[in-house]
Structure formats: C-alpha cells, structure tokens
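**Student:** I have a structure I would like to understand better, so I am pasting it below and will then ask my questions one at a time.
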Amino acid sequence: MDNSLKLKSTREFHPDDTVVSVGYTKVGANQDIVLIGGPCSIESRQQINDIAKQIRLTGANILRGGAYKPRTSPYSFQGLGTDGIDWLCEAGKRYGMPVVSEIMSITKLEEFSQKVDLIQVGARNMQNFDLLRELGSIGKPILLKRGLANTIEEWLLSAEYIMDSGNSNIILCERGIRTFEQSTRNTLDLSAIPIVKQRSHLPIIVDPSHATGDWHLVESMSLAAIAAGADGLILEVHNSPELALSDGEQSILPERFGELVKKLARVAAAVDRSIRLC
Ligand code: PEP
Ligand code: MN
C-alpha cells in the first residue's frame, strides 16, 4: 500500500527542515552542530558533576547520562534509577546544559516528562509501539535511535508513531547496525544520513560510540558523520573509562572531547555548518 502522502515524517508532507528545540539549544536545518556528551551511565553524583563541568568548558551543548540501562545481561549494572536522573538534572542545571536520558518503560513516563529535557528511545525500544505512542502524547522532544537491525524505512515509521500521536519534535540518531563485520561493535551506516535527509525533514545525529564500540574509532567516525551532513553527535565521555560501570571501552576522555571539538569545527566549516566553540 502506498501511503507515502500520509506520512508526516516525509519531505512531501513537510518540505522544510524541522528544527527541534531542546531547552535553548536548536537542532537541525542550518543551526549549529549539536554536541551531546556524557557518560554511558550515571555512576555517582560526583562523577556526573565532574564530567559535565569538563565537557561544558570544551563545547558540549547537551548532557547525556543513562539511569535506566538496557543491559544485555541482567547481572550487569542496571543504572541508578531516580537518583541518577536527579543527579543528571542537577549537573545539567549547574553547568547550563539541558539533559538527555533513555526511557525504558512507560511506567517512567511521568518521571521523564517532568525532569528530562530530551527523552531518548534506545535502539532496543525503537519498535516498542505502545511506548512510542505514549511519547507522542507528551510535549517533550524525543531522541529516536535506530534499532540494531532495522531498516531506514522501519525507523522512519517508528518516528511516524510518535508524530501520529501529536509530537513532531523528533531527532533521529544513527548508532550503527548489526552486520557480519566483527571488528566493530556495530557497523556505522553513514549513508543513512543523506538518505534520511532526502526522505525526511527531521534532524539526524550520529552516535559513533555505540556504532564502533571502540574509543579509538570515535574521532574519525565523528568527523565523517559531520562531513556526511549530520546535525550533531552524541558521544560517550568518561573521566576514568577503565573504571566505567558500562561501555568504558568506547568512552573518550573529556580532554579528547575538547580536542575533537576543535577538529569538528573545521570539518563543519567545510560543509557550510558551524560549531559554537566555548
Ligand atoms: C545508550 O545510549 O547508552 C544506549 C544504550 O544506546 P543504544 O540504544 O544505541 O544501544
Ligand atoms: Mn552506552
């Protein structure tokens, strides 16, 4: 069935780029490239505070941190829950950054809608249609990650669930897909960026941390993503990656984040975009 004319995420429905506001930060169109940084998991009040302080000084616009973690093993660290969200919000306020965190369950909708500025739907929940519909009914912007093994079409149809329930404030996030390649955690599908831009008016950012699983690869894939037209990046940053309770091997140090931002500014300029350097 060809229902493309009805789809709210398409260029046919809405020719101009959508700009999503997250606090004072605007994402999409010709706005500055957005840089989201922070640890995979909030581990303590001190940890999120220290990382927030360091990355804010070198160019982060939005602070990330997971409090409800979708771990492959039930015996791995599951996140600090409400304490984590509260410490994330506290650090965000202290250093003037809106915050993003992942929602795993509809039961936490009220907590997220009250406290979190940008609600992340992780790869594993991209097709949790009940959750998507509920997120459509609250006014908050949504960061919708691509599923581990989902096509671009399926991903855009998931955005459609949120839009059909009344919320068009969606930022898409390419975070790598499962392929036969074993050298990286996932395979970063850079071509998804221009394809999404062609088909949809929604902004798209890239997560090179989960896409590669290896901090050594984060810099090159970040530069490539901006060169390919991404509206921003979400990067895992940790001040002692070797002690991280999740995803330490793909987390960069705050100092490296600062160095990367300077290089990103040069690539952004080459593709007629900009990064606001602090
Ligand atoms: C995350 O951002 O911490 C995360 C779990 O990402 P993904 O859903 O892309 O695996
Ligand atoms: Mn992670």
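Ligands are numbered from 1 in the order shown, residues from 1 within each chain, and chains are lettered A, B, ... in the order they appear in the structure tokens.
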Counting only C-alpha atoms and all ligand atoms, what residues are within 9 Å of ligand 2, given as a ChimeraX atom specification?
**Tutor:** /A:39-41,65-66,69-70,209-210,213,236,246-248,250-251
**Student:** Write out, as a tab-separated table, each residue of stretch 197-243 of chain A that has an atom at most 12 Å from stretch 176-188 of chain A, together with the closest pair of atoms and their distance in Å to one decimal, counting only C-alpha atoms, rows going by chain and rising number.
**Tutor:**
```
residue	atom	partner	partner_atom	distance
A:Ile205	CA	A:Gly176	CA	11.8
A:Val206	CA	A:Gly176	CA	8.7
A:Asp207	CA	A:Gly176	CA	7.7
A:Pro208	CA	A:Leu188	CA	7.3
A:Ser209	CA	A:Gly176	CA	9.2
A:His210	CA	A:Gly176	CA	6.9
A:Ala211	CA	A:Gly176	CA	4.2
A:Thr212	CA	A:Thr184	CA	4.9
A:Gly213	CA	A:Arg185	CA	4.8
A:Asp214	CA	A:Thr184	CA	7.2
A:Trp215	CA	A:Thr184	CA	10.7
A:His216	CA	A:Thr184	CA	10.9
A:Leu217	CA	A:Thr184	CA	9.1
A:Val218	CA	A:Leu188	CA	10.8
A:Ser220	CA	A:Leu188	CA	11.6
A:Met221	CA	A:Leu188	CA	8.2
A:Ser222	CA	A:Leu188	CA	10.6
A:Ala224	CA	A:Leu188	CA	10.4
A:Ala225	CA	A:Leu188	CA	9.4
```
**Student:** Could you dump the residues just selected with N, CA, C and O atoms as a CSV table (one decimal), in the first residue's frame?
**Tutor:**
```
chain,number,residue,atom,x,y,z
A,205,ILE,N,21.3,12.9,14.1
A,205,ILE,CA,22.6,13.0,14.7
A,205,ILE,C,23.2,11.5,14.7
A,205,ILE,O,22.5,10.6,14.3
A,206,VAL,N,24.5,11.4,15.0
A,206,VAL,CA,25.2,10.2,15.0
A,206,VAL,C,25.8,9.8,16.3
A,206,VAL,O,26.3,10.7,17.0
A,207,ASP,N,25.8,8.6,16.7
A,207,ASP,CA,26.4,8.1,17.9
A,207,ASP,C,27.6,7.2,17.5
A,207,ASP,O,27.4,6.0,17.3
A,208,PRO,N,28.8,7.7,17.4
A,208,PRO,CA,29.9,6.9,17.0
A,208,PRO,C,30.4,6.0,18.1
A,208,PRO,O,31.2,5.1,17.8
A,209,SER,N,30.0,6.3,19.3
A,209,SER,CA,30.4,5.4,20.5
A,209,SER,C,29.8,4.0,20.4
A,209,SER,O,30.5,3.0,20.4
A,210,HIS,N,28.5,4.0,20.3
A,210,HIS,CA,27.8,2.7,20.2
A,210,HIS,C,28.0,2.0,18.8
A,210,HIS,O,28.0,0.8,18.7
A,211,ALA,N,28.2,2.9,17.8
A,211,ALA,CA,28.4,2.4,16.5
A,211,ALA,C,29.7,1.6,16.3
A,211,ALA,O,29.7,0.5,15.7
A,212,THR,N,30.7,2.0,17.0
A,212,THR,CA,32.0,1.4,16.9
A,212,THR,C,32.4,0.5,18.1
A,212,THR,O,33.1,-0.5,17.9
A,213,GLY,N,32.0,0.9,19.3
A,213,GLY,CA,32.4,0.2,20.5
A,213,GLY,C,33.8,0.3,20.9
A,213,GLY,O,34.3,-0.4,21.8
A,214,ASP,N,34.5,1.3,20.3
A,214,ASP,CA,36.0,1.4,20.5
A,214,ASP,C,36.3,2.9,20.4
A,214,ASP,O,36.2,3.5,19.4
A,215,TRP,N,36.9,3.4,21.5
A,215,TRP,CA,37.1,4.9,21.6
A,215,TRP,C,38.1,5.3,20.5
A,215,TRP,O,38.1,6.5,20.1
A,216,HIS,N,39.0,4.4,20.1
A,216,HIS,CA,40.0,4.8,19.1
A,216,HIS,C,39.3,5.2,17.8
A,216,HIS,O,39.9,5.9,17.0
A,217,LEU,N,38.1,4.7,17.5
A,217,LEU,CA,37.5,5.0,16.3
A,217,LEU,C,36.5,6.1,16.3
A,217,LEU,O,35.9,6.5,15.3
A,218,VAL,N,36.3,6.6,17.5
A,218,VAL,CA,35.2,7.7,17.7
A,218,VAL,C,35.6,9.0,17.0
A,218,VAL,O,34.7,9.6,16.4
A,220,SER,N,37.5,9.6,14.2
A,220,SER,CA,37.3,9.5,12.8
A,220,SER,C,35.9,9.4,12.3
A,220,SER,O,35.5,10.1,11.4
A,221,MET,N,35.1,8.6,13.1
A,221,MET,CA,33.7,8.5,12.7
A,221,MET,C,32.9,9.7,13.0
A,221,MET,O,31.9,10.0,12.3
A,222,SER,N,33.3,10.5,14.0
A,222,SER,CA,32.6,11.7,14.3
A,222,SER,C,32.8,12.7,13.2
A,222,SER,O,31.9,13.4,12.7
A,224,ALA,N,33.6,12.1,10.1
A,224,ALA,CA,33.0,11.6,8.9
A,224,ALA,C,31.5,11.9,9.0
A,224,ALA,O,30.9,12.2,8.0
A,225,ALA,N,30.9,11.7,10.1
A,225,ALA,CA,29.4,11.9,10.3
A,225,ALA,C,29.1,13.4,10.0
A,225,ALA,O,28.1,13.7,9.3
```
**Student:** Write out as a ChimeraX atom specification each polymer residue whose atoms come within 8 Å of A:Phe257, counting only C-alpha atoms; drop sequence neighbours fewer than 4 positions from it.
**Tutor:** /A:55,58,237,252-253,261
**Student:** Which of stretch 32-266 of chain A counts as helix (DSSP H, G or I) under DSSP, as a PyMOL selection string please?
**Tutor:** chain A and resi 45-57+82-94+106-115+123-125+129-136+152-164+192-199+208-212+215-227+241-243+248-250+254-266
**Student:** Could you tell me which of A:Gly23, A:Gly166, A:Gly84, A:Gly38 comes closest to ligand 1 if we count only C-alpha atoms and all ligand atoms?
**Tutor:**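 Nearest to ligand 1: A:Gly38.
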**Student:** At a cut-off of 6 Å, using only C-alpha atoms, what residues contact A:Gly81? Leave out same-chain residues fewer than 2 positions from it and give the result as JSON, numbers by chain.
**Tutor:** {"A": [67, 68, 79, 83, 84]}
**Student:** What does the file look like for those residues with N, CA, C and O atoms, as a tab-separated table (two decimals), in the first residue's frame?
**Tutor:**
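Generated output (out32.tsv):
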```tsv
chain	number	residue	atom	x	y	z
A	67	ALA	N	20.27	6.28	33.29
A	67	ALA	CA	19.90	5.92	34.67
A	67	ALA	C	19.12	4.61	34.69
A	67	ALA	O	19.09	3.91	35.71
A	68	TYR	N	18.47	4.30	33.58
A	68	TYR	CA	17.78	3.01	33.40
A	68	TYR	C	18.45	2.38	32.19
A	68	TYR	O	18.26	2.83	31.06
A	79	GLY	N	21.95	0.62	36.30
A	79	GLY	CA	21.69	2.06	36.40
A	79	GLY	C	21.15	2.44	37.77
A	79	GLY	O	20.64	1.59	38.51
A	83	ASP	N	17.73	8.31	41.47
A	83	ASP	CA	18.90	9.07	41.97
A	83	ASP	C	19.74	9.55	40.79
A	83	ASP	O	20.20	10.70	40.75
A	84	GLY	N	19.94	8.66	39.83
A	84	GLY	CA	20.75	9.01	38.66
A	84	GLY	C	20.13	10.16	37.88
A	84	GLY	O	20.81	11.12	37.51
```
**Student:** If you measure from atom CA of A:His201 to atom CA of A:Arg11, what distance in Å do you get, rounded to one decimal?
**Tutor:**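 Answer for the atom CA of A:His201 to atom CA of A:Arg11 separation: 5.6 Å.
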